[in-house]
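File shown here: work-v7.cif, holding mmCIF, C-alpha atoms.
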data_data
loop_
_atom_site.label_atom_id
_atom_site.label_comp_id
_atom_site.auth_asym_id
_atom_site.auth_seq_id
_atom_site.Cartn_x
_atom_site.Cartn_y
_atom_site.Cartn_z
CA MET A 538 105.52 30.55 129.53
CA THR A 539 102.48 32.54 128.55
CA SER A 540 101.38 35.01 131.18
CA THR A 541 97.84 35.17 132.43
CA THR A 542 97.45 38.62 130.94
CA ASP A 543 98.54 37.45 127.48
CA ALA A 544 96.23 34.43 127.61
CA THR A 545 93.13 36.43 128.57
CA PRO A 546 91.29 37.65 125.47
CA ASP A 547 89.77 41.13 125.33
CA VAL A 548 86.56 40.99 123.31
CA ARG A 549 86.93 44.63 122.33
CA THR A 550 90.52 44.42 121.15
CA PRO A 551 89.69 43.20 117.60
CA GLY A 552 87.28 46.08 117.09
CA LEU A 553 89.74 48.67 118.35
CA ALA A 554 92.60 47.24 116.33
CA GLY A 555 90.51 47.07 113.20
CA ALA A 556 89.21 50.59 113.71
CA ALA A 557 92.75 51.91 113.96
CA GLN A 558 93.65 50.36 110.58
CA ASN A 559 90.65 51.79 108.73
CA GLY A 560 91.44 54.31 106.03
CA PRO A 561 89.11 56.90 104.45
CA ARG A 562 87.84 54.39 101.88
CA ASP A 563 87.05 51.83 104.59
CA ILE A 564 85.30 54.41 106.75
CA THR A 565 83.19 55.52 103.79
CA ARG A 566 82.23 51.94 102.94
CA GLN A 567 81.39 51.14 106.55
CA SER A 568 79.37 54.34 106.96
CA LEU A 569 77.28 53.51 103.89
CA ALA A 570 76.73 49.94 105.10
CA ILE A 571 75.48 51.18 108.48
CA ALA A 572 73.35 53.82 106.77
CA ARG A 573 71.78 51.08 104.66
CA ARG A 574 71.06 49.07 107.80
CA ASN A 575 69.38 52.09 109.37
CA LEU A 576 67.30 52.83 106.27
CA LEU A 577 66.15 49.22 106.00
CA GLN A 578 64.51 49.68 109.39
CA LEU A 579 61.95 51.91 107.65
CA ARG A 580 60.36 48.79 106.19
CA GLY A 581 59.31 47.62 109.62
CA ASP A 582 58.76 51.07 111.09
CA PRO A 583 57.65 53.58 108.42
CA GLY A 584 56.47 55.85 111.23
CA GLN A 585 60.08 57.11 111.40
CA LEU A 586 59.22 59.21 108.34
CA LEU A 587 56.54 61.19 110.16
CA ASP A 588 58.92 63.89 111.41
CA SER A 589 60.57 64.54 108.06
CA VAL A 590 57.67 63.94 105.65
CA VAL A 591 54.24 64.31 107.27
CA MET A 592 54.74 66.86 110.06
CA PRO A 593 56.10 69.62 107.76
CA MET A 594 52.94 69.43 105.67
CA VAL A 595 50.78 69.60 108.79
CA PHE A 596 52.65 72.65 110.08
CA THR A 597 52.36 74.29 106.66
CA LEU A 598 48.59 73.97 106.66
CA ILE A 599 48.34 75.22 110.25
CA PHE A 600 50.52 78.31 109.79
CA LEU A 601 49.19 79.13 106.35
CA TYR A 602 45.45 78.79 106.93
CA VAL A 603 45.10 79.23 110.71
CA PHE A 604 47.76 81.80 111.62
CA GLY A 605 48.59 83.21 108.18
CA GLY A 606 46.08 86.07 108.28
CA ALA A 607 47.16 87.17 111.75
CA ILE A 608 50.87 86.93 110.95
CA TRP A 609 50.90 88.47 107.48
CA GLY A 610 47.96 90.88 107.76
CA ASP A 611 47.90 93.50 105.00
CA ARG A 612 51.53 93.05 103.98
CA PRO A 613 52.14 92.96 100.24
CA GLY A 614 52.95 89.60 98.73
CA ASP A 615 51.81 86.09 99.48
CA TYR A 616 52.57 84.48 102.85
CA ARG A 617 53.09 81.19 100.98
CA GLN A 618 56.23 82.54 99.37
CA PHE A 619 57.57 83.61 102.76
CA LEU A 620 56.47 80.55 104.75
CA LEU A 621 57.46 77.57 102.62
CA PRO A 622 61.26 78.11 102.71
CA GLY A 623 60.91 78.42 106.49
CA ILE A 624 59.07 75.10 106.63
CA MET A 625 61.94 73.51 104.70
CA VAL A 626 64.27 74.66 107.46
CA GLN A 627 61.86 73.40 110.12
CA THR A 628 61.93 70.04 108.34
CA LEU A 629 65.70 69.79 108.77
CA MET A 630 65.24 70.61 112.46
CA PHE A 631 62.86 67.67 112.83
CA ALA A 632 65.14 65.31 110.90
CA SER A 633 68.33 66.24 112.75
CA ARG A 634 66.67 65.90 116.15
CA SER A 635 65.96 62.22 115.51
CA THR A 636 69.70 61.43 115.22
CA GLY A 637 70.38 61.67 118.93
CA TYR A 638 67.20 59.84 119.82
CA MET A 639 67.93 56.88 117.56
CA LEU A 640 71.53 56.61 118.82
CA ALA A 641 70.20 56.47 122.37
CA VAL A 642 67.76 53.75 121.33
CA ASP A 643 70.61 51.74 119.75
CA PHE A 644 72.47 51.90 123.05
CA THR A 645 69.51 50.66 125.06
CA ASN A 646 68.71 47.71 122.77
CA GLY A 647 72.31 46.44 122.55
CA VAL A 648 73.07 47.35 118.93
CA MET A 649 76.03 49.51 119.95
CA ASP A 650 77.57 46.59 121.85
CA ARG A 651 77.64 44.60 118.61
CA PHE A 652 79.15 47.53 116.71
CA ARG A 653 81.88 47.88 119.33
CA SER A 654 82.92 44.24 118.88
CA MET A 655 83.35 44.66 115.12
CA PRO A 656 86.52 45.89 113.37
CA ILE A 657 84.86 49.09 112.16
CA SER A 658 85.62 52.74 112.66
CA ARG A 659 83.92 54.56 115.53
CA VAL A 660 83.29 57.48 113.16
CA ALA A 661 81.50 55.15 110.72
CA VAL A 662 78.91 54.16 113.34
CA LEU A 663 77.91 57.78 113.90
CA ALA A 664 78.31 58.85 110.28
CA GLY A 665 76.13 55.95 109.12
CA ARG A 666 73.31 57.12 111.38
CA ILE A 667 73.63 60.69 110.12
CA VAL A 668 73.75 59.64 106.45
CA ALA A 669 70.53 57.68 106.98
CA ASP A 670 68.84 60.63 108.68
CA MET A 671 69.95 63.05 105.97
CA SER A 672 68.58 60.64 103.36
CA LYS A 673 65.22 60.86 105.10
CA LEU A 674 65.60 64.65 105.16
CA LEU A 675 66.24 64.70 101.42
CA MET A 676 63.10 62.65 100.87
CA GLY A 677 61.16 65.02 103.10
CA GLN A 678 62.41 68.12 101.27
CA VAL A 679 61.44 66.74 97.87
CA VAL A 680 57.97 65.81 99.14
CA MET A 681 57.67 69.21 100.84
CA LEU A 682 58.52 71.12 97.67
CA ALA A 683 56.01 69.09 95.66
CA PHE A 684 53.36 69.74 98.30
CA ALA A 685 54.21 73.46 98.36
CA VAL A 686 53.76 73.75 94.60
CA ALA A 687 50.44 71.91 94.89
CA ILE A 688 49.08 74.52 97.34
CA GLY A 689 50.27 77.52 95.35
CA PHE A 690 53.96 78.11 96.09
CA ARG A 691 56.03 79.10 93.07
CA VAL A 692 59.76 78.77 92.49
CA GLU A 693 60.61 82.14 90.94
CA THR A 694 64.24 81.40 90.08
CA ASN A 695 65.21 78.15 88.33
CA PHE A 696 65.73 74.44 88.90
CA LEU A 697 69.43 74.73 89.82
CA PHE A 698 68.70 77.32 92.49
CA ALA A 699 65.98 75.06 93.90
CA VAL A 700 68.47 72.17 94.08
CA ALA A 701 70.97 74.49 95.78
CA ALA A 702 68.34 75.39 98.40
CA VAL A 703 67.75 71.71 99.18
CA LEU A 704 71.49 70.98 99.37
CA LEU A 705 71.98 73.93 101.71
CA THR A 706 69.37 72.52 104.08
CA LEU A 707 71.18 69.16 103.97
CA LEU A 708 74.45 70.87 104.91
CA TYR A 709 72.95 72.72 107.88
CA GLY A 710 70.93 69.64 108.82
CA THR A 711 74.11 67.55 108.90
CA ALA A 712 75.73 70.04 111.27
CA LEU A 713 72.72 69.97 113.61
CA ALA A 714 72.63 66.16 113.40
CA TRP A 715 76.18 65.98 114.76
CA VAL A 716 75.16 68.24 117.65
CA SER A 717 72.14 65.99 118.19
CA ALA A 718 74.43 62.94 118.12
CA PHE A 719 76.53 64.41 120.92
CA ILE A 720 73.40 65.03 122.99
CA GLY A 721 72.15 61.50 122.31
CA LEU A 722 75.46 60.03 123.44
CA SER A 723 75.54 62.19 126.58
CA MET A 724 72.12 61.19 127.94
CA ARG A 725 71.19 57.75 129.21
CA SER A 726 67.47 57.71 128.45
CA PRO A 727 66.00 58.07 124.94
CA ASN A 728 63.11 60.03 126.44
CA THR A 729 65.53 62.51 128.00
CA VAL A 730 67.38 62.82 124.71
CA GLN A 731 64.10 63.60 122.95
CA SER A 732 63.18 66.28 125.50
CA VAL A 733 66.61 67.93 125.53
CA GLY A 734 66.78 67.75 121.74
CA PHE A 735 63.49 69.60 121.49
CA LEU A 736 64.36 72.23 124.11
CA TRP A 737 67.74 73.31 122.74
CA MET A 738 66.30 73.84 119.27
CA ILE A 739 63.42 76.09 120.39
CA PRO A 740 65.38 79.38 120.35
CA PHE A 741 67.03 78.47 117.06
CA GLN A 742 63.66 77.73 115.45
CA PHE A 743 61.40 80.47 116.77
CA GLY A 744 64.06 83.13 117.36
CA SER A 745 64.62 83.36 113.61
CA SER A 746 63.01 84.48 110.36
CA MET A 747 61.69 80.95 109.80
CA LEU A 748 58.00 81.81 110.32
CA VAL A 749 57.85 85.60 110.74
CA PRO A 750 59.93 88.59 109.57
CA THR A 751 62.54 89.68 112.10
CA SER A 752 61.32 93.27 111.69
CA THR A 753 58.21 92.41 113.74
CA MET A 754 60.29 91.34 116.78
CA PRO A 755 61.32 93.48 119.78
CA GLY A 756 64.84 94.88 119.54
CA TRP A 757 66.60 92.40 121.82
CA LEU A 758 65.01 89.41 120.10
CA ARG A 759 65.61 90.87 116.66
CA ALA A 760 69.35 91.15 117.43
CA PHE A 761 69.44 87.48 118.39
CA ALA A 762 67.36 86.43 115.38
CA GLU A 763 69.56 88.23 112.89
CA ALA A 764 72.67 86.54 114.34
CA ASN A 765 70.94 83.15 114.41
CA PRO A 766 72.33 80.71 111.81
CA THR A 767 68.77 79.44 111.28
CA THR A 768 67.88 82.89 109.96
CA LEU A 769 70.81 82.71 107.56
CA VAL A 770 69.81 79.35 106.10
CA THR A 771 66.15 80.41 105.93
CA ASP A 772 66.99 83.65 104.13
CA ALA A 773 69.33 81.77 101.79
CA CYS A 774 66.59 79.27 100.86
CA ARG A 775 64.03 82.06 100.53
CA ASN A 776 66.24 83.99 98.12
CA LEU A 777 67.35 80.91 96.20
CA LEU A 778 63.71 80.00 95.57
CA GLY A 779 62.14 83.46 95.31
CA GLY A 780 64.94 85.69 94.10
CA GLY A 781 67.20 88.06 96.02
CA ALA A 782 70.75 88.38 97.30
CA ILE A 783 72.20 84.96 98.02
CA ALA A 784 75.95 85.43 98.52
CA GLU A 785 75.89 86.59 102.17
CA PRO A 786 73.31 84.14 103.58
CA VAL A 787 74.73 81.17 101.64
CA LEU A 788 78.28 81.93 102.76
CA GLY A 789 77.11 82.51 106.34
CA THR A 790 75.22 79.21 106.36
CA ALA A 791 78.25 77.33 105.01
CA LEU A 792 80.58 78.87 107.61
CA TRP A 793 78.20 78.16 110.49
CA SER A 794 77.65 74.58 109.32
CA VAL A 795 81.37 73.83 108.97
CA GLY A 796 82.08 75.52 112.31
CA LEU A 797 79.42 73.49 114.12
CA MET A 798 80.72 70.25 112.61
CA CYS A 799 84.33 71.08 113.54
CA LEU A 800 83.12 71.38 117.12
CA ALA A 801 80.47 68.64 117.30
CA VAL A 802 82.13 65.81 115.33
CA PRO A 803 85.17 65.32 117.62
CA LEU A 804 82.99 65.79 120.71
CA ALA A 805 80.49 63.17 119.52
CA VAL A 806 83.18 60.65 118.53
CA SER A 807 85.02 61.17 121.82
CA ARG A 808 81.80 60.73 123.77
CA TYR A 809 81.01 57.54 121.87
CA ARG A 810 84.43 56.08 122.64
CA ARG A 811 84.09 56.85 126.37
CA ARG A 812 80.50 55.66 126.82
#
Whole structure, structure tokens version:
Amino acid sequence: MTSTTDATPDVRTPGLAGAAQNGPRDITRQSLAIARRNLLQLRGDPGQLLDSVVMPMVFTLIFLYVFGGAIWGDRPGDYRQFLLPGIMVQTLMFASRSTGYMLAVDFTNGVMDRFRSMPISRVAVLAGRIVADMSKLLMGQVVMLAFAVAIGFRVETNFLFAVAAVLLTLLYGTALAWVSAFIGLSMRSPNTVQSVGFLWMIPFQFGSSMLVPTSTMPGWLRAFAEANPTTLVTDACRNLLGGGAIAEPVLGTALWSVGLMCLAVPLAVSRYRRR
């Protein structure tokens, strides 16, 4: 005789069983499929590109032409050459912040309930969102570099170094996106996610060499800024595009990025499973 427990179906069992059987190739395929689904949403809502494409250009014009004289003063060199690599890093901040917000939105509109009922990996759901957001970041960085050249910025190294600078921002952006994913899965309201996502990034953005030299900061803030991974990735991009020592900032950026992902990825996946 079949027991009542055996006869009662669990609508989430197929998804969990299927997820357990997924190998690396399946997870990759599923992640790309979900990323494609997320990118197709841009057709109906192109405003999602504002953060990664339009806002960096707006901030460039503001800091260059409104604050540039006050910030740079009589220093030798062109503020453009200092500022534009910092704006590339600010672009990745904008792009990574949207990861948590969009995950929270997917929870509120029921998309995550459908994903949970499918035989797909839990990691693939989160990775697909991050792949889509990093694709938007890549688009934003290419547009940003073209815009920078149009207003007078010059790449003083070579094409390969410029590509390396963009790839480095994608690596650090991916790490921050996983942190953002954890925040998005920990908060119930998309508006709260957006506010918290903005607040936690403030010290990492402005307590760095992104917009001003650390030498102009008071001692206590300068110590924080020089230990800030955002300073490392900014200095790495600045030197890759303008010339200078690259080994230390590039290695530091890679280590910070991998370290953040080693911490944030299992936390985000665990939080997704429990929510």
Review point. Using all atoms listed in the file, which residue out of A:Pro786, A:Pro766, A:Pro593, A:Gly614 lies closest to Leu682 of chain A?
Key: A:Pro593
Review point. Could you write out as number ranges by chain the residues that the PyMOL selection byres ((chain A and resi 660) around 12) matches in the shown file?
Key: A: 556-557, 559-561, 563-569, 571, 652-653, 657-659, 661-668, 715, 718, 802-810
Practice item. Output the residue selection produced by the PyMOL selection byres ((chain A and resi 671) around 8) on the file above, formatted as an NGL selection string. Key: :A and (632-633 or 667-670 or 672-675 or 707 or 710-711)
Given the PyMOL selection byres ((chain A and resi 722-730) around 8) and the file above, list the residues it selects as a compact mmCIF listing (two decimals) with C-alpha atoms, keeping the file's coordinate frame.
# COMPACT_ATOMS: atom_id res chain seq x y z
CA GLY A 637 70.38 61.67 118.93
CA TYR A 638 67.20 59.84 119.82
CA MET A 639 67.93 56.88 117.56
CA LEU A 640 71.53 56.61 118.82
CA ALA A 641 70.20 56.47 122.37
CA VAL A 642 67.76 53.75 121.33
CA ALA A 718 74.43 62.94 118.12
CA PHE A 719 76.53 64.41 120.92
CA ILE A 720 73.40 65.03 122.99
CA GLY A 721 72.15 61.50 122.31
CA GLN A 731 64.10 63.60 122.95
CA SER A 732 63.18 66.28 125.50
CA VAL A 733 66.61 67.93 125.53
CA GLY A 734 66.78 67.75 121.74
CA ALA A 805 80.49 63.17 119.52
CA ARG A 808 81.80 60.73 123.77
CA TYR A 809 81.01 57.54 121.87
CA ARG A 812 80.50 55.66 126.82
Practice item. Please provide the set of residues having any atom within 10 Å of segment 738-749 of chain A, restricted to all atoms listed in the file, with same-chain residues fewer than 2 positions apart removed, written as a PyMOL selection string. Key: chain A and resi 600+605+608-609+616+619-627+630-631+634+713+717+733-736+751-754+758-772+775
**Study point:** Two-atom distance - atom CA of Val716 of chain A, atom CA of Thr636 of chain A (Å)
**Key:**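 A separation of 9.1 Å between them.
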Output as a tab-separated table one row per residue of segment 582-675 of chain A within 9 Å of segment 688-698 of chain A: the closest atom pair and its distance in Å to one decimal place, counting only C-alpha atoms, sorted by chain and residue number ascending.
residue	atom	partner	partner_atom	distance
A:Asp615	CA	A:Phe690	CA	8.9
A:Arg617	CA	A:Phe690	CA	5.8
A:Gln618	CA	A:Phe690	CA	6.0
A:Leu621	CA	A:Phe690	CA	7.4
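One distance worth recording is that between atom CA of Asn646 of chain A and atom CA of Ser589 of chain A, which is 23.8 Å.
Separating atom CA of Ile599 of chain A from atom CA of Cys774 of chain A is a distance of 20.9 Å.
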Starting from 3 Å padding per side, set up an axis-aligned box that covers all listed atoms of segment 590-603 of chain A and hand over centre and edge lengths in Å, one decimal, as JSON.
{"center_x": 51.4, "center_y": 71.6, "center_z": 108.2, "size_x": 18.6, "size_y": 21.3, "size_z": 11.1}
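Among the candidate residues A:Glu785, A:Asp650, A:Asp643, A:Asp611, the one lying nearest to Asn575 of chain A is A:Asp643, with distances computed using all atoms listed in the file.
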If you count all atoms listed in the file, which residues fall within 6 Å of segment 791-800 of chain A, apart from same-chain ones fewer than 3 positions away, as a PDB file with C-alpha atoms, keeping the file's coordinate frame?
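Done, and the output landed in around.pdb:
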ATOM      1  CA  TYR A 709      72.950  72.720 107.880  1.00  0.00           C
ATOM      2  CA  ALA A 712      75.730  70.040 111.270  1.00  0.00           C
ATOM      3  CA  LEU A 788      78.280  81.930 102.760  1.00  0.00           C
TER       4      LEU A 788
END
